[in-house]
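A.B. asks: Pasting in a structure now, in C-alpha cells, and then I'll have a few things to ask.
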Amino acid sequence: MNRNYSLDSLRSIAALLVVILHIASGYVLNGIYTNNFGTDFVIANYINSFTRICVPLFVLLSGRFIIEKEVPLKEAYSNLLKRIIKPLLFWNIFYFAYTLLANRYFNGTFNLSAMLSYATNGQCFYHLWYLTMSVGLYLLAPFLQRFLKDKSPLQIGLIVAIFLCIGMGIDFAENRYSFKLFFAFNFVKYIGYLIAGYALIHVRKINRILLLSTFTIMSIAIAKVSAITVLHYGNLYAYDYLSPFVVIAAVSIYTLFIQQEWKENLLSKIAPYTFALYLIHALPLDIINRYLRLYPSAMMNSVLTGFILKLLTVLVLSIPIIWVFKKSKYLKELC
C-alpha cells in the first residue's frame with residue numbers, strides 16, 4: 001500500500017500541535033490563576049487557539065483509515081488490543097508510578113489515595129484521556145463501516161452532521177451545567193469526527209485559500225471569544241475540541257490536506273513516531289514545570305522566551321526516549 005505523504009505530514013503536524021498546546025496552556029492557566037491577562041496571556045491565548053485542531057485531526061485521520069477499509073471483526077479488535085489497549089495500560093501504570101515518585105521528590109508527599117481516585121476517571125495523566133476515548137471509537141468502527149458502505153454521500157453527510165451536532169450538544173451541556181460523561185462514554189462526542197474523516201475524502205475539491213482563511217478566522221475567533229468568556233464567565237468553552245469554532249477549523253485543515261498530493265518530506269518521515277511523541281512528551285514537560293515551580297525563572301515564565309525554550313527542551317528530551325522505545329523489541333509496540 002502506497003503511503004499518503006500528505007496525511008502522514010498532517011499527522012506529524014497534529015502531534016507537534018499537541019506539544020505546543022500543552023506548553024502554551026501552562027501560560028494561559030498561569031494568567032487565569034494570577035488574574036493577569038497581560039501580554040503573556042494574550043500571546044499564549046493566540047498560540048493555544050491556533051493549536052486546538054490537534055486532537056480533532058487525530059480522530060479525523062483515524063476515521064479516514066479505520067472506516068474506509070472493511071476488516072474482519074477479529075482482526076479489528078486484535079488491532080484495538082495491540083494499538084490502543086496495550087499502550088493504554090502500560091502508560092497509565094507508567095505515569096501513575098511517575099506521579100507518585102515526582103510528588104514525593106518535588107512536594108514531599110506520597111498521596112496514593114488521591115492518585116487512585118484520579119485513576120478511576122480512566123487516566124493517570126492528563127493526556128491519556130485520548131487513548132481511553134479511542135477504545136470506544138475502535139470498538140464502534142467495524143459496525144460503522146458496515147453501516148455506511150451502502151449509504152450515498154448525501155446520507156453520509158447527514159449522518160456526520162447529526163453526530164457532530166450530538167457531540168457539540170453534549171460538550172456544550174457539560175460546560176453549561178458542569179457535568180461530565182462517564183469516561184467510558186466519552187467517545188460518543190467524537191463519533192462525528194470519526195465518520196467525517198471517512199466522508200470528506202469524497203467531497204469535491206475546495207479552494208485552498210478558502211480553507212486556510214476559514215481556519216485562520218476560526219482560530220482568531222477562538223482567541224477572541226476565549227478572552228471574553230474567561231473574564232466574564234470563568235471558562236474557556238471556545239477551546240473545547242467540540243466547540244463550533246474548533247470543529248470548523250479542524251475540518252477545514254483536514255479537507256485541505258486530503259486534497260493535496262505531497263511527496264515524501266521531513267514531516268512525513270516523522271509520522272511513525274508521532275504516537276510515541278504524544279505519549280512521551282508529557283514526561284519532560286511535567287518535570288520542567290515542577291522544577292520551575294520550585295525554582296522560578298523570569299526567562300522561563302515569560303511566554304516570549306520560555307515557550308520556545310520549553311518547546312525545544314521537551315522535543316530534545318523526548319527524542320532519545322522515543323528512540324529507545326522504537327529500537328526495543330519489547331517496547332516498540334507500546335508506542
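Residue names in the C-alpha cells use chain letters A, B, ... in the order shown, residue numbers from 1 in each chain, and ligand numbers from 1 in the order shown.
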Using only C-alpha atoms, determine which residues lie at most 7 Å from A:Ala44, disregarding the query and same-chain residues fewer than 4 positions distant; provide the list as a list in words.
C.D. replies: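 Selected residues are Ala24, Tyr27, Val28, Asp40, Asn48 and Val303 of chain A.
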A.B. asks: What would the file look like if the residues just selected were written as a PDB file, in the first residue's frame with C-alpha atoms?
C.D. replies:
ATOM      1  CA  ALA A  24       1.011  27.282  25.794  1.00  0.00           C
ATOM      2  CA  TYR A  27       0.906  30.199  30.357  1.00  0.00           C
ATOM      3  CA  VAL A  28      -2.837  30.610  29.789  1.00  0.00           C
ATOM      4  CA  ASP A  40       1.889  36.779  28.170  1.00  0.00           C
ATOM      5  CA  ASN A  48      -3.367  27.904  22.097  1.00  0.00           C
ATOM      6  CA  VAL A 303       5.987  33.366  27.132  1.00  0.00           C
TER       7      VAL A 303
END
A.B. asks: Using only C-alpha atoms, which protein or nucleic acid residues come within 9 Å of A:Tyr239? Drop anything in the same chain fewer than 2 positions from it, and give the result as a list in words.
C.D. replies: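 In the requested format, the answer is Asn48, Ser49, Arg52, Ile222, Ala223, Ser226, Leu236, Tyr237, Tyr241, Leu242, Ser243, Phe245 and Val246 of chain A.
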A.B. asks: Any chance you could export the current selection's C-alpha atoms as a PDB file, in the first residue's frame?
C.D. replies:
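Saved result, part23.pdb, follows:
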ATOM      1  CA  ASN A  48      -3.367  27.904  22.097  1.00  0.00           C
ATOM      2  CA  SER A  49      -6.240  28.911  19.835  1.00  0.00           C
ATOM      3  CA  ARG A  52      -6.953  23.422  19.193  1.00  0.00           C
ATOM      4  CA  ILE A 222     -11.384  31.088  19.413  1.00  0.00           C
ATOM      5  CA  ALA A 223      -8.840  33.514  20.869  1.00  0.00           C
ATOM      6  CA  SER A 226     -11.936  32.842  24.979  1.00  0.00           C
ATOM      7  CA  LEU A 236     -12.699  28.652  28.042  1.00  0.00           C
ATOM      8  CA  TYR A 237     -15.541  26.933  26.186  1.00  0.00           C
ATOM      9  CA  TYR A 241     -12.457  20.263  20.795  1.00  0.00           C
ATOM     10  CA  LEU A 242     -16.169  20.280  20.019  1.00  0.00           C
ATOM     11  CA  SER A 243     -16.840  23.999  20.132  1.00  0.00           C
ATOM     12  CA  PHE A 245     -15.071  27.198  16.056  1.00  0.00           C
ATOM     13  CA  VAL A 246     -12.742  24.223  16.551  1.00  0.00           C
TER      14      VAL A 246
END
A.B. asks: Which residues come within 10 Å of A:Tyr98, counting only C-alpha atoms, excluding same-chain residues fewer than 4 positions away, as a list in words?
C.D. replies: Asn92, Ile93, Phe94, Ala102, Asn103, Arg104, Cys124, Phe125 and Leu283 of chain A
A.B. asks: DSSP on the backbone, then: every residue of stretch 91-334 of chain A marked alpha helix (DSSP H), written as a PyMOL selection string.
C.D. replies: chain A and resi 91-102+112-119+129-148+153-177+191-199+208-232+244-258+266-270+274-280+282-294+298-301+303-327
A.B. asks: Separation of atom CA of A:Tyr291 and atom CA of A:Leu277, in Å?
C.D. replies: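 One can read the atom CA of A:Tyr291 to atom CA of A:Leu277 distance as 21.3 Å.
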A.B. asks: Can you check which parts of stretch 188-290 of chain A lie within 10 Å of stretch 11-20 of chain A? Per residue, the shortest pair of atoms and distance in Å to one decimal, counting only C-alpha atoms, sorted by chain and number, as CSV.
C.D. replies:
residue,atom,partner,partner_atom,distance
A:Leu266,CA,A:Ser12,CA,9.4
A:Leu267,CA,A:Ser12,CA,5.8
A:Ser268,CA,A:Ser12,CA,6.9
A:Lys269,CA,A:Ser12,CA,8.6
A:Ile270,CA,A:Ser12,CA,6.2
A:Ala271,CA,A:Ser12,CA,5.1
A:Pro272,CA,A:Ser12,CA,8.6
A:Tyr273,CA,A:Ser12,CA,8.3
A:Thr274,CA,A:Ala15,CA,5.7
A:Phe275,CA,A:Ala15,CA,7.6
A:Ala276,CA,A:Ala15,CA,9.4
A:Leu277,CA,A:Ala15,CA,7.0
A:Tyr278,CA,A:Ala15,CA,6.2
A:Leu279,CA,A:Ala15,CA,10.0
A:His281,CA,A:Val19,CA,6.9
A:Ala282,CA,A:Val19,CA,8.1
A:Leu285,CA,A:Val19,CA,8.9
A.B. asks: Please identify all polymer residues within 9 Å of A:Trp262, counting only C-alpha atoms, omitting same-chain residues fewer than 2 positions from it, and present them as a PDB file with all heavy atoms, in the first residue's frame.
C.D. replies:
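What landed in result_17.pdb:
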ATOM      1  N   ASN A   4       0.427   7.777   1.935  1.00  0.00           N
ATOM      2  CA  ASN A   4      -0.155   9.072   1.621  1.00  0.00           C
ATOM      3  C   ASN A   4       0.662  10.108   2.394  1.00  0.00           C
ATOM      4  O   ASN A   4       0.456  10.319   3.587  1.00  0.00           O
ATOM      5  CB  ASN A   4      -1.636   9.112   2.039  1.00  0.00           C
ATOM      6  CG  ASN A   4      -2.320  10.395   1.597  1.00  0.00           C
ATOM      7  OD1 ASN A   4      -1.763  11.481   1.684  1.00  0.00           O
ATOM      8  ND2 ASN A   4      -3.544  10.265   1.120  1.00  0.00           N
ATOM      9  N   TYR A   5       1.610  10.727   1.709  1.00  0.00           N
ATOM     10  CA  TYR A   5       2.547  11.613   2.394  1.00  0.00           C
ATOM     11  C   TYR A   5       1.877  12.888   2.905  1.00  0.00           C
ATOM     12  O   TYR A   5       2.346  13.486   3.878  1.00  0.00           O
ATOM     13  CB  TYR A   5       3.712  11.959   1.466  1.00  0.00           C
ATOM     14  CG  TYR A   5       4.554  10.759   1.087  1.00  0.00           C
ATOM     15  CD1 TYR A   5       4.759  10.417  -0.242  1.00  0.00           C
ATOM     16  CD2 TYR A   5       5.129   9.959   2.075  1.00  0.00           C
ATOM     17  CE1 TYR A   5       5.528   9.299  -0.581  1.00  0.00           C
ATOM     18  CE2 TYR A   5       5.897   8.845   1.748  1.00  0.00           C
ATOM     19  CZ  TYR A   5       6.083   8.524   0.411  1.00  0.00           C
ATOM     20  OH  TYR A   5       6.834   7.422   0.092  1.00  0.00           O
ATOM     21  N   SER A   6       0.812  13.288   2.260  1.00  0.00           N
ATOM     22  CA  SER A   6       0.076  14.468   2.737  1.00  0.00           C
ATOM     23  C   SER A   6      -0.533  14.204   4.107  1.00  0.00           C
ATOM     24  O   SER A   6      -0.423  15.027   5.028  1.00  0.00           O
ATOM     25  CB  SER A   6      -1.024  14.853   1.742  1.00  0.00           C
ATOM     26  OG  SER A   6      -0.483  15.192   0.494  1.00  0.00           O
ATOM     27  N   LEU A   7      -1.156  13.046   4.259  1.00  0.00           N
ATOM     28  CA  LEU A   7      -1.782  12.715   5.533  1.00  0.00           C
ATOM     29  C   LEU A   7      -0.743  12.345   6.586  1.00  0.00           C
ATOM     30  O   LEU A   7      -0.936  12.602   7.777  1.00  0.00           O
ATOM     31  CB  LEU A   7      -2.796  11.582   5.352  1.00  0.00           C
ATOM     32  CG  LEU A   7      -3.998  11.928   4.458  1.00  0.00           C
ATOM     33  CD1 LEU A   7      -5.027  10.806   4.493  1.00  0.00           C
ATOM     34  CD2 LEU A   7      -4.645  13.234   4.873  1.00  0.00           C
ATOM     35  N   SER A   9       2.104  13.806   6.772  1.00  0.00           N
ATOM     36  CA  SER A   9       2.567  15.130   7.192  1.00  0.00           C
ATOM     37  C   SER A   9       1.572  15.770   8.150  1.00  0.00           C
ATOM     38  O   SER A   9       1.967  16.399   9.144  1.00  0.00           O
ATOM     39  CB  SER A   9       2.771  16.034   5.970  1.00  0.00           C
ATOM     40  OG  SER A   9       3.737  15.499   5.083  1.00  0.00           O
ATOM     41  N   PHE A 257      -5.709  19.087   3.495  1.00  0.00           N
ATOM     42  CA  PHE A 257      -4.631  18.100   3.347  1.00  0.00           C
ATOM     43  C   PHE A 257      -5.060  16.871   2.552  1.00  0.00           C
ATOM     44  O   PHE A 257      -4.232  16.288   1.846  1.00  0.00           O
ATOM     45  CB  PHE A 257      -4.083  17.700   4.713  1.00  0.00           C
ATOM     46  CG  PHE A 257      -2.989  18.602   5.199  1.00  0.00           C
ATOM     47  CD1 PHE A 257      -3.288  19.820   5.785  1.00  0.00           C
ATOM     48  CD2 PHE A 257      -1.660  18.251   5.065  1.00  0.00           C
ATOM     49  CE1 PHE A 257      -2.288  20.675   6.230  1.00  0.00           C
ATOM     50  CE2 PHE A 257      -0.643  19.090   5.500  1.00  0.00           C
ATOM     51  CZ  PHE A 257      -0.950  20.306   6.091  1.00  0.00           C
ATOM     52  N   GLN A 260      -4.391  17.347  -1.074  1.00  0.00           N
ATOM     53  CA  GLN A 260      -3.017  17.550  -1.515  1.00  0.00           C
ATOM     54  C   GLN A 260      -2.384  16.228  -1.944  1.00  0.00           C
ATOM     55  O   GLN A 260      -2.819  15.150  -1.542  1.00  0.00           O
ATOM     56  CB  GLN A 260      -2.183  18.173  -0.385  1.00  0.00           C
ATOM     57  CG  GLN A 260      -2.753  19.459   0.178  1.00  0.00           C
ATOM     58  CD  GLN A 260      -2.944  20.533  -0.858  1.00  0.00           C
ATOM     59  OE1 GLN A 260      -2.024  20.856  -1.619  1.00  0.00           O
ATOM     60  NE2 GLN A 260      -4.142  21.091  -0.921  1.00  0.00           N
ATOM     61  N   GLU A 264       7.232  12.675  -0.432  1.00  0.00           N
ATOM     62  CA  GLU A 264       7.849  12.373   0.858  1.00  0.00           C
ATOM     63  C   GLU A 264       8.666  13.568   1.334  1.00  0.00           C
ATOM     64  O   GLU A 264       9.369  14.214   0.558  1.00  0.00           O
ATOM     65  CB  GLU A 264       8.742  11.141   0.752  1.00  0.00           C
ATOM     66  CG  GLU A 264       9.267  10.663   2.094  1.00  0.00           C
ATOM     67  CD  GLU A 264      10.063   9.388   1.978  1.00  0.00           C
ATOM     68  OE1 GLU A 264      10.463   9.046   0.840  1.00  0.00           O
ATOM     69  OE2 GLU A 264      10.295   8.727   3.005  1.00  0.00           O
ATOM     70  N   ASN A 265       8.555  13.887   2.604  1.00  0.00           N
ATOM     71  CA  ASN A 265       9.227  15.057   3.153  1.00  0.00           C
ATOM     72  C   ASN A 265       9.577  14.783   4.614  1.00  0.00           C
ATOM     73  O   ASN A 265       9.276  13.704   5.145  1.00  0.00           O
ATOM     74  CB  ASN A 265       8.345  16.300   3.032  1.00  0.00           C
ATOM     75  CG  ASN A 265       7.002  16.105   3.703  1.00  0.00           C
ATOM     76  OD1 ASN A 265       6.887  16.220   4.921  1.00  0.00           O
ATOM     77  ND2 ASN A 265       5.974  15.768   2.925  1.00  0.00           N
TER      78      ASN A 265
END
A.B. asks: Can you measure atom CA of A:Ile156 to atom CA of A:Val135 for me? One decimal in Å is fine.
C.D. replies: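 Separation of atom CA of A:Ile156 and atom CA of A:Val135: 22.8 Å.
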A.B. asks: Within 12 Å of A:Asp171, counting only C-alpha atoms, which residues qualify if same-chain residues fewer than 5 places away don't, as a ChimeraX atom specification?
C.D. replies: /A:164-166,176-181,186-190,237-244,247
A.B. asks: Counting only C-alpha atoms, figure out which residue out of A:Arg204, A:Lys82, A:Lys310, A:Lys224 gets nearest to A:Leu21.
C.D. replies: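 Of A:Arg204, A:Lys82, A:Lys310, A:Lys224, the one nearest A:Leu21, counting only C-alpha atoms, is A:Lys310.
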A.B. asks: Taking only C-alpha atoms into account, name the residue in A:Leu194, A:Leu334, A:Leu304, A:Ile280 that is nearest to A:Leu57.
C.D. replies: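 Smallest separation from A:Leu57 among the options: A:Leu194.
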A.B. asks: Using atom CA of A:Phe215 and atom CA of A:Ser252 as the two end points, give the distance in Å to one decimal.
C.D. replies: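 So the two atoms, atom CA of A:Phe215 and atom CA of A:Ser252, lie 6.0 Å apart.
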A.B. asks: Which is closest to A:Leu331 among A:Ile220, A:Ala227, A:Gly306, A:Phe90, if we use only C-alpha atoms?
C.D. replies: A:Phe90
A.B. asks: Go through A:Pro72, A:Gly122, A:Gly234, A:Pro56 one by one, measure the shortest atom-to-atom distance of each to A:Phe185 using only C-alpha atoms, and give the residue with the smallest value.
C.D. replies: A:Gly122
